[in-house]
Structure formats: structure tokens, C-alpha cells
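Worksheet: one structure, shown below.
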Amino acid sequence: MKSTIFPRTFHTLFLFAFCVIASAATTSHKSHKNIKRQYDGIDVSHHQGKIDWKEVAKDKQIKFVYIKATQGTSIKDKNYEQNIKGARRQGLRCGSYHYLSCLTSVRSQFRNFQKAMRGHKQDLIPMIDIEHEGVKRWSKKQVQDSVALFAKLIERKYGKKPLIYSHVNFYNSHLTPRYNKYFLFLSRYSSERPSIKGVGRHNIWQFTDRGRVRGIHGNVDLDRFMSGTSLSSIRL
């Protein structure tokens, strides 16, 4: 009996365990896919090419759009004009961002940013994009002091502190805790949300750079409000 019953019992238990694992994996996969579909905004630049903003505006999940305006002292994103005009024409709430560079002075970069935005109504507070590649020649103190000056110039012009964008690892190594009280827009391409060092919290999570939105050919960054943050939080 044992030589026949045990194999059958083992076979039955094996099939049961396999079904449980398969079911859990399917549920997890579906849950992950659902999480990936939850977003509140996008950020774009010339890398997205020509965008059909009429199609993008049909996506009711999109509550905000951040558009690259400038980089450094002399670079203006070649699609900035058509992007901000097209997006606002369709009723989307738009903000502009500047990619900070260590190659030129902060004040001259701010002037470049202002020049590009001139004549374009801004719905959202301006954003400073701070990434390792852009500021790699600066020390930690230089990074912090440069962001402080750019932020001061924005606050003086608009009456509000800017949104700070960075990858979570770079933020934690170069900007925390000095900027923990600012509105923070942090990237981390994983199922785990960003976590900052010290007292404070981040407000917007860029959770993937491989999102898909109708009207945009190829990939686009997808962004999600964190708990306690909404469109009104970043309105200008």
C-alpha cells in the first residue's frame, strides 16, 4: 500500500502547490499591471518627437504635464514651443522645467529659462531638474548652493518655491535634508516608491520611463501623485 499510496498523495500535493503558486503569480502579475496603469501626469521633451496633444488630452488620467524648456545657458528644447502650445490648447495643465548644468553660471541659466517661457502661461510651479550627469563636476556643496540660487530666483519671480526633480539616489546623496521641505518629484523605476532620508516626504513619483500614452510615439515618463499631494499642490 505505501509504495502506491505515497506517490499518488505526493502527486496530488505537488499539483495543488503548483496551482496555488501559479494563481498567486497570475494575481501578482495582474496587480502589477494595474499599478503600472495608475498615473496622474507625464513629463516630455524633444525625445518624444512630435506629440498629438489632442489624443493625449483624451486620457483622463493625465492631470498635469511638465515640459522641458531649457538646459544650461543656451539650449532651448527644440520641441518646447509646439509642446506647450499644443498641450495648453487642449486644456492640459502645464509646467516647464530646466535641466541644470555645471558648465555655466546659474544666473545665466535662469535667464535662458525665463526667455524660453516668456509669452507662455504657466499653470504649474516651475521645476528644476538635477541629475548626476548634468552636475557631475560640482561638489555636493556646489550642487546644493546652485540649486538654492536657482530656487531663489524662481521664488523671487513667481512667488513660490520650485518643484525639485531628481533620481531618488542622487537626491539622497546630494540634496537631502536641505531640500526636504520643497515639493519633490523623484524618479525610481521599480515597484517600490522612493524614500528620502531625514524628515519629509516626496510628492510626485516618476515610476517608469517606459510608459505608453496614445498620441505619443514610443515611451514616455509616467508620474504619480503621492498621498497628500494633488494638482492644487503644484498650481502656480
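In the C-alpha cells, chains take letters A, B, ... by order of appearance, with residues numbered from 1 within each chain and ligands from 1 in the order shown.
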
List the neighbours of stretch 121-126 of chain A out to 10 Å using only C-alpha atoms; skip same-chain residues closer than 2 positions along the sequence, and give me the result as a ChimeraX atom specification.
-> /A:64-67,84-85,88,92-98,113,117-119,128-129,151,154-155,158-164,183,231-236

Go ahead and write the residues just picked, N, CA and C atoms, as a short mmCIF file (atom, residue, chain, number, x, y, z; two decimals), in the first residue's frame.
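Result file result.cif:
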data_model
loop_
_atom_site.label_atom_id
_atom_site.label_comp_id
_atom_site.auth_asym_id
_atom_site.auth_seq_id
_atom_site.Cartn_x
_atom_site.Cartn_y
_atom_site.Cartn_z
N PHE A 64 -1.61 66.55 -15.25
CA PHE A 64 -0.58 67.56 -15.44
C PHE A 64 0.47 67.09 -16.44
N VAL A 65 1.16 68.08 -17.00
CA VAL A 65 2.25 67.81 -17.95
C VAL A 65 3.41 68.75 -17.64
N TYR A 66 4.59 68.18 -17.45
CA TYR A 66 5.79 69.00 -17.33
C TYR A 66 6.59 68.88 -18.62
N ILE A 67 7.00 70.04 -19.15
CA ILE A 67 7.63 70.11 -20.47
C ILE A 67 9.03 70.71 -20.33
N ILE A 84 4.24 73.11 -25.48
CA ILE A 84 3.45 73.87 -24.51
C ILE A 84 2.23 74.50 -25.17
N LYS A 85 2.37 74.92 -26.41
CA LYS A 85 1.20 75.47 -27.11
C LYS A 85 0.17 74.39 -27.36
N ARG A 88 -1.49 73.11 -23.92
CA ARG A 88 -2.40 74.08 -23.31
C ARG A 88 -3.63 74.31 -24.19
N LEU A 92 -4.77 71.02 -21.11
CA LEU A 92 -3.94 70.33 -20.14
C LEU A 92 -3.20 71.34 -19.26
N ARG A 93 -3.03 71.01 -17.99
CA ARG A 93 -2.31 71.87 -17.06
C ARG A 93 -0.81 71.65 -17.24
N CYS A 94 -0.10 72.71 -17.56
CA CYS A 94 1.31 72.58 -17.94
C CYS A 94 2.26 73.37 -17.05
N GLY A 95 3.45 72.79 -16.90
CA GLY A 95 4.55 73.47 -16.24
C GLY A 95 5.81 73.24 -17.04
N SER A 96 6.83 74.04 -16.79
CA SER A 96 8.08 73.94 -17.55
C SER A 96 9.23 73.59 -16.61
N TYR A 97 10.24 72.92 -17.18
CA TYR A 97 11.40 72.61 -16.35
C TYR A 97 12.72 72.92 -17.04
N HIS A 98 13.72 73.16 -16.19
CA HIS A 98 15.08 73.47 -16.66
C HIS A 98 16.02 72.38 -16.19
N PHE A 113 16.11 80.15 -19.11
CA PHE A 113 14.83 79.55 -18.74
C PHE A 113 13.70 80.57 -18.89
N MET A 117 10.36 80.71 -21.57
CA MET A 117 8.98 80.68 -21.06
C MET A 117 8.19 81.94 -21.36
N ARG A 118 8.90 82.99 -21.76
CA ARG A 118 8.25 84.27 -22.00
C ARG A 118 7.10 84.12 -23.01
N GLY A 119 5.93 84.61 -22.63
CA GLY A 119 4.78 84.54 -23.53
C GLY A 119 3.97 83.26 -23.40
N ILE A 128 13.05 72.41 -11.37
CA ILE A 128 14.48 72.30 -11.63
C ILE A 128 14.83 70.82 -11.69
N ASP A 129 15.45 70.42 -12.79
CA ASP A 129 15.85 69.03 -13.00
C ASP A 129 17.33 68.90 -12.65
N ALA A 151 16.58 78.28 -7.14
CA ALA A 151 15.28 78.27 -6.45
C ALA A 151 14.91 79.67 -5.97
N ILE A 154 13.67 81.72 -8.89
CA ILE A 154 12.31 81.32 -9.26
C ILE A 154 11.30 81.87 -8.26
N GLU A 155 11.60 81.75 -6.97
CA GLU A 155 10.67 82.23 -5.95
C GLU A 155 10.49 83.74 -6.04
N TYR A 158 8.20 84.20 -9.24
CA TYR A 158 6.85 83.62 -9.24
C TYR A 158 6.15 83.61 -7.87
N GLY A 159 6.90 83.91 -6.84
CA GLY A 159 6.28 83.94 -5.51
C GLY A 159 6.11 82.58 -4.87
N LYS A 160 6.65 81.54 -5.52
CA LYS A 160 6.55 80.19 -4.97
C LYS A 160 7.85 79.44 -5.20
N LYS A 161 8.16 78.54 -4.26
CA LYS A 161 9.34 77.69 -4.42
C LYS A 161 9.14 76.74 -5.61
N PRO A 162 10.21 76.37 -6.28
CA PRO A 162 10.08 75.46 -7.42
C PRO A 162 9.89 74.01 -6.97
N LEU A 163 9.52 73.18 -7.91
CA LEU A 163 9.49 71.74 -7.73
C LEU A 163 10.91 71.25 -7.99
N ILE A 164 11.41 70.33 -7.16
CA ILE A 164 12.75 69.78 -7.33
C ILE A 164 12.63 68.37 -7.88
N PHE A 183 8.63 70.84 -2.60
CA PHE A 183 7.88 69.80 -3.30
C PHE A 183 8.88 68.99 -4.11
N LEU A 231 -3.22 68.06 -7.69
CA LEU A 231 -2.93 69.10 -8.67
C LEU A 231 -2.86 70.48 -8.01
N SER A 232 -3.73 70.73 -7.06
CA SER A 232 -3.75 72.04 -6.40
C SER A 232 -2.44 72.31 -5.65
N SER A 233 -1.73 71.25 -5.27
CA SER A 233 -0.48 71.42 -4.52
C SER A 233 0.61 72.06 -5.37
N ILE A 234 0.57 71.82 -6.68
CA ILE A 234 1.64 72.32 -7.55
C ILE A 234 1.15 73.42 -8.51
N ARG A 235 -0.06 73.91 -8.29
CA ARG A 235 -0.56 75.00 -9.13
C ARG A 235 0.21 76.28 -8.83
N LEU A 236 0.46 77.05 -9.87
CA LEU A 236 1.17 78.31 -9.72
C LEU A 236 0.21 79.41 -9.28
#

Going by DSSP on the backbone, which bits of stretch 16-203 of chain A are strand (DSSP E)? Write them as a ChimeraX atom specification, please.
-> /A:41-44,64-71,75-76,94-99,127-129,163-167,183-187

Would you export the selected residues with N, CA and C atoms as a tab-separated table (two decimals), in the first residue's frame, please?
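Resulting contents of part-v4.tsv:
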chain	number	residue	atom	x	y	z
A	41	GLY	N	0.23	62.08	-14.36
A	41	GLY	CA	0.83	63.04	-15.26
A	41	GLY	C	1.97	62.46	-16.06
A	42	ILE	N	2.50	63.28	-16.96
A	42	ILE	CA	3.63	62.89	-17.79
A	42	ILE	C	4.61	64.05	-17.86
A	43	ASP	N	5.86	63.75	-18.19
A	43	ASP	CA	6.82	64.82	-18.49
A	43	ASP	C	7.48	64.48	-19.82
A	44	VAL	N	7.67	65.51	-20.64
A	44	VAL	CA	8.10	65.29	-22.02
A	44	VAL	C	9.21	66.26	-22.43
A	64	PHE	N	-1.61	66.55	-15.25
A	64	PHE	CA	-0.58	67.56	-15.44
A	64	PHE	C	0.47	67.09	-16.44
A	65	VAL	N	1.16	68.08	-17.00
A	65	VAL	CA	2.25	67.81	-17.95
A	65	VAL	C	3.41	68.75	-17.64
A	66	TYR	N	4.59	68.18	-17.45
A	66	TYR	CA	5.79	69.00	-17.33
A	66	TYR	C	6.59	68.88	-18.62
A	67	ILE	N	7.00	70.04	-19.15
A	67	ILE	CA	7.63	70.11	-20.47
A	67	ILE	C	9.03	70.71	-20.33
A	68	LYS	N	10.00	70.04	-20.91
A	68	LYS	CA	11.37	70.58	-20.86
A	68	LYS	C	11.44	71.86	-21.68
A	69	ALA	N	11.97	72.91	-21.05
A	69	ALA	CA	12.12	74.19	-21.73
A	69	ALA	C	13.57	74.43	-22.12
A	70	THR	N	14.47	74.27	-21.14
A	70	THR	CA	15.86	74.66	-21.38
A	70	THR	C	16.85	73.75	-20.68
A	71	GLN	N	18.11	73.93	-21.08
A	71	GLN	CA	19.23	73.23	-20.47
A	71	GLN	C	20.44	74.13	-20.54
A	75	ILE	N	20.81	76.31	-24.42
A	75	ILE	CA	19.98	75.29	-25.05
A	75	ILE	C	18.51	75.49	-24.72
A	76	LYS	N	17.70	75.53	-25.76
A	76	LYS	CA	16.25	75.53	-25.63
A	76	LYS	C	15.74	74.26	-26.30
A	94	CYS	N	-0.10	72.71	-17.56
A	94	CYS	CA	1.31	72.58	-17.94
A	94	CYS	C	2.26	73.37	-17.05
A	95	GLY	N	3.45	72.79	-16.90
A	95	GLY	CA	4.55	73.47	-16.24
A	95	GLY	C	5.81	73.24	-17.04
A	96	SER	N	6.83	74.04	-16.79
A	96	SER	CA	8.08	73.94	-17.55
A	96	SER	C	9.23	73.59	-16.61
A	97	TYR	N	10.24	72.92	-17.18
A	97	TYR	CA	11.40	72.61	-16.35
A	97	TYR	C	12.72	72.92	-17.04
A	98	HIS	N	13.72	73.16	-16.19
A	98	HIS	CA	15.08	73.47	-16.66
A	98	HIS	C	16.02	72.38	-16.19
A	99	TYR	N	16.87	71.89	-17.08
A	99	TYR	CA	17.89	70.89	-16.76
A	99	TYR	C	19.15	71.63	-16.35
A	127	MET	N	9.97	73.83	-12.49
A	127	MET	CA	10.71	72.70	-11.93
A	127	MET	C	12.18	72.77	-12.33
A	128	ILE	N	13.05	72.41	-11.37
A	128	ILE	CA	14.48	72.30	-11.63
A	128	ILE	C	14.83	70.82	-11.69
A	129	ASP	N	15.45	70.42	-12.79
A	129	ASP	CA	15.85	69.03	-13.00
A	129	ASP	C	17.33	68.90	-12.65
A	163	LEU	N	9.52	73.18	-7.91
A	163	LEU	CA	9.49	71.74	-7.73
A	163	LEU	C	10.91	71.25	-7.99
A	164	ILE	N	11.41	70.33	-7.16
A	164	ILE	CA	12.75	69.78	-7.33
A	164	ILE	C	12.63	68.37	-7.88
A	165	TYR	N	13.25	68.14	-9.06
A	165	TYR	CA	13.24	66.80	-9.66
A	165	TYR	C	14.64	66.19	-9.59
A	166	SER	N	14.70	64.92	-9.22
A	166	SER	CA	15.96	64.19	-9.25
A	166	SER	C	15.67	62.70	-9.10
A	167	HIS	N	16.69	61.89	-9.40
A	167	HIS	CA	16.57	60.46	-9.09
A	167	HIS	C	16.72	60.31	-7.58
A	183	PHE	N	8.63	70.84	-2.60
A	183	PHE	CA	7.88	69.80	-3.30
A	183	PHE	C	8.88	68.99	-4.11
A	184	LEU	N	8.87	67.68	-3.91
A	184	LEU	CA	9.86	66.81	-4.51
A	184	LEU	C	9.25	65.88	-5.55
A	185	PHE	N	9.89	65.82	-6.70
A	185	PHE	CA	9.47	64.99	-7.83
A	185	PHE	C	10.64	64.02	-8.06
A	186	LEU	N	10.50	62.79	-7.58
A	186	LEU	CA	11.61	61.85	-7.59
A	186	LEU	C	11.35	60.65	-8.50
A	187	SER	N	12.40	60.22	-9.17
A	187	SER	CA	12.27	59.05	-10.04
A	187	SER	C	12.85	57.82	-9.36

One decimal, Å: what's the distance from atom CA of A:Glu81 over to atom CA of A:Ser45, could you say?
->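 Calculated distance between atom CA of A:Glu81 and atom CA of A:Ser45 is 10.6 Å.
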
Which residues in stretch 44-185 of chain A does DSSP call helix (DSSP H, G or I)? List them as a ChimeraX atom specification.
-> /A:46-48,53-56,80-89,106-117,132-135,140-158,168-174

Can you tell me, as a list in words, what residues are no more than 7 Å from A:Ser101 when counting only C-alpha atoms, ignoring any on the same chain fewer than 5 positions away?
->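 That gives Gln71, Gly72, Gly134 and Val135 of chain A.
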
What is the distance between atom CA of A:Asn172 and atom CA of A:Asn219, in Å to one decimal?
->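 Computing the Euclidean distance for atom CA of A:Asn172 and atom CA of A:Asn219 yields 26.8 Å.
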
10 Å contact set for A:Val213, only C-alpha atoms, chain neighbours under 3 positions out, as a PyMOL selection string | chain A and resi 42+55-59+62+210+216-222

Output for the residues just chosen: C-alpha atoms as a PDB file, in the first residue's frame:
ATOM      1  CA  ILE A  42       3.628  62.887 -17.792  1.00  0.00           C
ATOM      2  CA  GLU A  55      -5.059  62.374 -28.499  1.00  0.00           C
ATOM      3  CA  VAL A  56      -3.072  62.793 -25.280  1.00  0.00           C
ATOM      4  CA  ALA A  57      -5.801  65.013 -23.809  1.00  0.00           C
ATOM      5  CA  LYS A  58      -8.329  62.192 -24.226  1.00  0.00           C
ATOM      6  CA  ASP A  59      -6.506  60.314 -21.478  1.00  0.00           C
ATOM      7  CA  ILE A  62      -3.418  62.898 -17.144  1.00  0.00           C
ATOM      8  CA  ARG A 210       8.659  53.240 -20.475  1.00  0.00           C
ATOM      9  CA  ILE A 216       2.930  59.797 -28.193  1.00  0.00           C
ATOM     10  CA  HIS A 217       5.088  57.533 -30.327  1.00  0.00           C
ATOM     11  CA  GLY A 218       7.412  55.456 -28.193  1.00  0.00           C
ATOM     12  CA  ASN A 219       7.977  55.632 -24.461  1.00  0.00           C
ATOM     13  CA  VAL A 220       7.136  58.440 -22.073  1.00  0.00           C
ATOM     14  CA  ASP A 221       7.721  59.048 -18.345  1.00  0.00           C
ATOM     15  CA  LEU A 222       4.671  58.332 -16.180  1.00  0.00           C
TER      16      LEU A 222
END

Residue with smallest distance to A:Leu103 - pool A:Asn83, A:Gln90, A:Ser146, A:Thr229, counting only C-alpha atoms | A:Ser146

Atom CA of A:Arg137 to atom CA of A:Ala116, straight-line distance in Å |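 Interatomic distance here is 25.6 Å.
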